[in-house]
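Data block below; observations after.
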Amino acid sequence: MGIHSAADTEYHWPWYGKLVGGYFESHPAVQKASIKVYNTSHPSTKHLPENWERTDEWYNYISLNPDINVLASLDEDTYEGGKNGDDHPIIWYHEYDGGRAFYTGVGHTDESYSELGSFRTFIGWYFMGCRGGGSGLY
């Protein structure tokens, strides 16, 4: 499980980049944005509304792994400083090198760990990925 700054390290280790699913490129100031939740049946996102508004530090990404399964993307029309365009994943998962990987760009602000939506996303992946919730759930 990678949370926020997990994408901002190990730039010269290709295996790690593919595991996380992409690398941090830049970010604008902390601000409110809308997140489009595409998969409302996955354990890590089933509790979220289809349009989730929250305040955080929004990463722009480079070298995105084409094998990631995007659960939610940022709507760049709702904040300033986005660089990924219409394809700006913010929560994703994939199977990689014999295991499961999950990443969320949510998690810079202290509120990320007390807001019910963010916290349930982390816990949902824990039960799905770490405890072997079964591949049939996604």
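Residues are referred to by chain and number: the chain letter is A, B, ... according to the order shown in the structure tokens, the number counts from 1 in that chain, and ligands are numbered separately from 1 in the order shown.
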
Near Thr109 of chain A, counting only C-alpha atoms, which residues have an atom at most 10 Å away, once you skip same-chain residues fewer than 5 positions from it, shown as an mmCIF file with all heavy atoms, in the first residue's frame?
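result-v2.cif was written with the following content:
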data_model
loop_
_atom_site.group_PDB
_atom_site.id
_atom_site.type_symbol
_atom_site.label_atom_id
_atom_site.label_comp_id
_atom_site.auth_asym_id
_atom_site.auth_seq_id
_atom_site.Cartn_x
_atom_site.Cartn_y
_atom_site.Cartn_z
ATOM 1 N N HIS A 4 0.278 8.680 -0.726
ATOM 2 C CA HIS A 4 0.766 9.996 -1.107
ATOM 3 C C HIS A 4 2.255 10.002 -1.501
ATOM 4 O O HIS A 4 2.579 9.722 -2.641
ATOM 5 C CB HIS A 4 0.465 11.004 0.006
ATOM 6 C CG HIS A 4 0.648 12.424 -0.403
ATOM 7 N ND1 HIS A 4 -0.120 13.014 -1.381
ATOM 8 C CD2 HIS A 4 1.511 13.372 0.026
ATOM 9 C CE1 HIS A 4 0.262 14.272 -1.535
ATOM 10 N NE2 HIS A 4 1.251 14.518 -0.689
ATOM 11 N N VAL A 30 -1.840 23.340 -1.623
ATOM 12 C CA VAL A 30 -2.963 22.582 -1.061
ATOM 13 C C VAL A 30 -4.252 23.336 -1.375
ATOM 14 O O VAL A 30 -4.333 24.548 -1.171
ATOM 15 C CB VAL A 30 -2.792 22.406 0.469
ATOM 16 C CG1 VAL A 30 -4.045 21.802 1.094
ATOM 17 C CG2 VAL A 30 -1.564 21.555 0.779
ATOM 18 N N THR A 55 -9.946 18.540 0.316
ATOM 19 C CA THR A 55 -8.774 19.399 0.235
ATOM 20 C C THR A 55 -7.537 18.573 0.516
ATOM 21 O O THR A 55 -7.499 17.812 1.489
ATOM 22 C CB THR A 55 -8.895 20.556 1.252
ATOM 23 O OG1 THR A 55 -10.066 21.314 0.932
ATOM 24 C CG2 THR A 55 -7.677 21.449 1.222
ATOM 25 N N ASP A 56 -6.529 18.713 -0.352
ATOM 26 C CA ASP A 56 -5.277 17.984 -0.167
ATOM 27 C C ASP A 56 -4.212 18.628 -1.054
ATOM 28 O O ASP A 56 -4.482 19.600 -1.757
ATOM 29 C CB ASP A 56 -5.441 16.500 -0.525
ATOM 30 C CG ASP A 56 -4.566 15.589 0.328
ATOM 31 O OD1 ASP A 56 -3.389 15.932 0.587
ATOM 32 O OD2 ASP A 56 -5.057 14.516 0.733
ATOM 33 N N GLU A 57 -3.034 18.059 -1.031
ATOM 34 C CA GLU A 57 -1.948 18.434 -1.937
ATOM 35 C C GLU A 57 -2.011 17.445 -3.096
ATOM 36 O O GLU A 57 -1.805 16.248 -2.897
ATOM 37 C CB GLU A 57 -0.611 18.313 -1.204
ATOM 38 C CG GLU A 57 0.589 18.630 -2.057
ATOM 39 C CD GLU A 57 1.874 18.406 -1.289
ATOM 40 O OE1 GLU A 57 2.242 17.216 -1.076
ATOM 41 O OE2 GLU A 57 2.491 19.400 -0.884
ATOM 42 N N SER A 114 -8.118 11.650 9.481
ATOM 43 C CA SER A 114 -9.268 11.710 10.382
ATOM 44 C C SER A 114 -10.588 11.776 9.614
ATOM 45 O O SER A 114 -11.632 11.472 10.177
ATOM 46 C CB SER A 114 -9.157 12.910 11.333
ATOM 47 O OG SER A 114 -9.095 14.129 10.619
#

Counting only C-alpha atoms, what is within 7 Å of Gly22 of chain A, bar same-chain residues fewer than 3 positions away, as a PyMOL selection string?
chain A and resi 7+17-18+61-65

Can you spit out the residues from that selection as a PDB file, in the first residue's frame, using all heavy atoms?
ATOM      1  N   ALA A   7       4.994   7.877  -3.950  1.00  0.00           N
ATOM      2  CA  ALA A   7       5.324   8.101  -5.363  1.00  0.00           C
ATOM      3  C   ALA A   7       6.499   9.074  -5.529  1.00  0.00           C
ATOM      4  O   ALA A   7       6.933   9.328  -6.643  1.00  0.00           O
ATOM      5  CB  ALA A   7       4.100   8.643  -6.104  1.00  0.00           C
ATOM      6  N   GLY A  17       9.079   1.873  -9.284  1.00  0.00           N
ATOM      7  CA  GLY A  17       8.165   2.743 -10.025  1.00  0.00           C
ATOM      8  C   GLY A  17       6.981   1.988 -10.588  1.00  0.00           C
ATOM      9  O   GLY A  17       5.844   2.464 -10.552  1.00  0.00           O
ATOM     10  N   LYS A  18       7.225   0.798 -11.100  1.00  0.00           N
ATOM     11  CA  LYS A  18       6.122  -0.014 -11.622  1.00  0.00           C
ATOM     12  C   LYS A  18       5.243  -0.539 -10.492  1.00  0.00           C
ATOM     13  O   LYS A  18       4.035  -0.660 -10.643  1.00  0.00           O
ATOM     14  CB  LYS A  18       6.664  -1.165 -12.462  1.00  0.00           C
ATOM     15  CG  LYS A  18       7.224  -0.686 -13.791  1.00  0.00           C
ATOM     16  CD  LYS A  18       7.710  -1.847 -14.625  1.00  0.00           C
ATOM     17  CE  LYS A  18       8.298  -1.348 -15.927  1.00  0.00           C
ATOM     18  NZ  LYS A  18       8.853  -2.436 -16.730  1.00  0.00           N
ATOM     19  N   TYR A  61       1.705  13.327 -11.888  1.00  0.00           N
ATOM     20  CA  TYR A  61       2.506  12.114 -12.018  1.00  0.00           C
ATOM     21  C   TYR A  61       3.184  12.009 -13.376  1.00  0.00           C
ATOM     22  O   TYR A  61       2.675  12.516 -14.375  1.00  0.00           O
ATOM     23  CB  TYR A  61       1.628  10.872 -11.804  1.00  0.00           C
ATOM     24  CG  TYR A  61       0.966  10.847 -10.454  1.00  0.00           C
ATOM     25  CD1 TYR A  61      -0.339  11.285 -10.293  1.00  0.00           C
ATOM     26  CD2 TYR A  61       1.659  10.398  -9.332  1.00  0.00           C
ATOM     27  CE1 TYR A  61      -0.945  11.282  -9.043  1.00  0.00           C
ATOM     28  CE2 TYR A  61       1.057  10.390  -8.080  1.00  0.00           C
ATOM     29  CZ  TYR A  61      -0.247  10.835  -7.948  1.00  0.00           C
ATOM     30  OH  TYR A  61      -0.828  10.836  -6.711  1.00  0.00           O
ATOM     31  N   ILE A  62       4.300  11.299 -13.381  1.00  0.00           N
ATOM     32  CA  ILE A  62       5.000  10.925 -14.609  1.00  0.00           C
ATOM     33  C   ILE A  62       5.230   9.421 -14.586  1.00  0.00           C
ATOM     34  O   ILE A  62       5.125   8.784 -13.533  1.00  0.00           O
ATOM     35  CB  ILE A  62       6.350  11.674 -14.770  1.00  0.00           C
ATOM     36  CG1 ILE A  62       7.257  11.433 -13.558  1.00  0.00           C
ATOM     37  CG2 ILE A  62       6.113  13.160 -15.007  1.00  0.00           C
ATOM     38  CD1 ILE A  62       8.664  11.989 -13.701  1.00  0.00           C
ATOM     39  N   SER A  63       5.527   8.871 -15.730  1.00  0.00           N
ATOM     40  CA  SER A  63       5.847   7.438 -15.863  1.00  0.00           C
ATOM     41  C   SER A  63       4.775   6.542 -15.268  1.00  0.00           C
ATOM     42  O   SER A  63       5.073   5.568 -14.571  1.00  0.00           O
ATOM     43  CB  SER A  63       7.214   7.131 -15.231  1.00  0.00           C
ATOM     44  OG  SER A  63       8.228   7.928 -15.788  1.00  0.00           O
ATOM     45  N   LEU A  64       3.519   6.866 -15.550  1.00  0.00           N
ATOM     46  CA  LEU A  64       2.432   6.030 -15.047  1.00  0.00           C
ATOM     47  C   LEU A  64       2.476   4.652 -15.685  1.00  0.00           C
ATOM     48  O   LEU A  64       2.649   4.515 -16.891  1.00  0.00           O
ATOM     49  CB  LEU A  64       1.085   6.692 -15.317  1.00  0.00           C
ATOM     50  CG  LEU A  64       0.763   7.885 -14.421  1.00  0.00           C
ATOM     51  CD1 LEU A  64      -0.385   8.690 -14.987  1.00  0.00           C
ATOM     52  CD2 LEU A  64       0.452   7.421 -13.009  1.00  0.00           C
ATOM     53  N   ASN A  65       2.337   3.641 -14.864  1.00  0.00           N
ATOM     54  CA  ASN A  65       2.315   2.256 -15.324  1.00  0.00           C
ATOM     55  C   ASN A  65       1.002   2.018 -16.076  1.00  0.00           C
ATOM     56  O   ASN A  65      -0.077   2.213 -15.511  1.00  0.00           O
ATOM     57  CB  ASN A  65       2.431   1.321 -14.114  1.00  0.00           C
ATOM     58  CG  ASN A  65       2.499  -0.134 -14.475  1.00  0.00           C
ATOM     59  OD1 ASN A  65       2.044  -0.553 -15.537  1.00  0.00           O
ATOM     60  ND2 ASN A  65       3.049  -0.937 -13.574  1.00  0.00           N
TER      61      ASN A  65
END

Among listed residues A:Lys36, A:His47, A:Arg100, A:His108, nearest Val20 of chain A (using only C-alpha atoms):
A:Arg100

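Using only C-alpha atoms, the residues found no farther than 6 Å from segment 79-96 of chain A, other than those of its own chain fewer than 5 positions away, are A:Pro28, A:Ala33, A:Asn60, A:Ile68, A:Asn69, A:Val70, A:Leu71, A:Ala72, A:Ser73, A:Leu74, A:Ala101, A:Phe102, A:Tyr103, A:Thr104, A:Gly105.
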
Please identify which residues in chain A DSSP calls strand (DSSP E or B) from the backbone, and express them as a PyMOL selection string.
chain A and resi 2-3+23-26+31-37+51-56+60-62+69-75+89-96+99-104

For the alpha helix (DSSP H) assignment from backbone DSSP, which residues of chain A qualify? Please present them as a ChimeraX atom specification.
/A:14-20,116-125

For each of A:Lys46, A:Trp52, A:Phe24, A:Thr78, take the minimum atom-to-atom distance to Thr9 of chain A, counting only C-alpha atoms, then give the residue where this is smallest.
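Looking only at the distances to Thr9 of chain A, the closest residue turns out to be A:Phe24.
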
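Taking atom CA of Glu111 of chain A and atom CA of Glu76 of chain A as the two end points, the separation is 21.4 Å.
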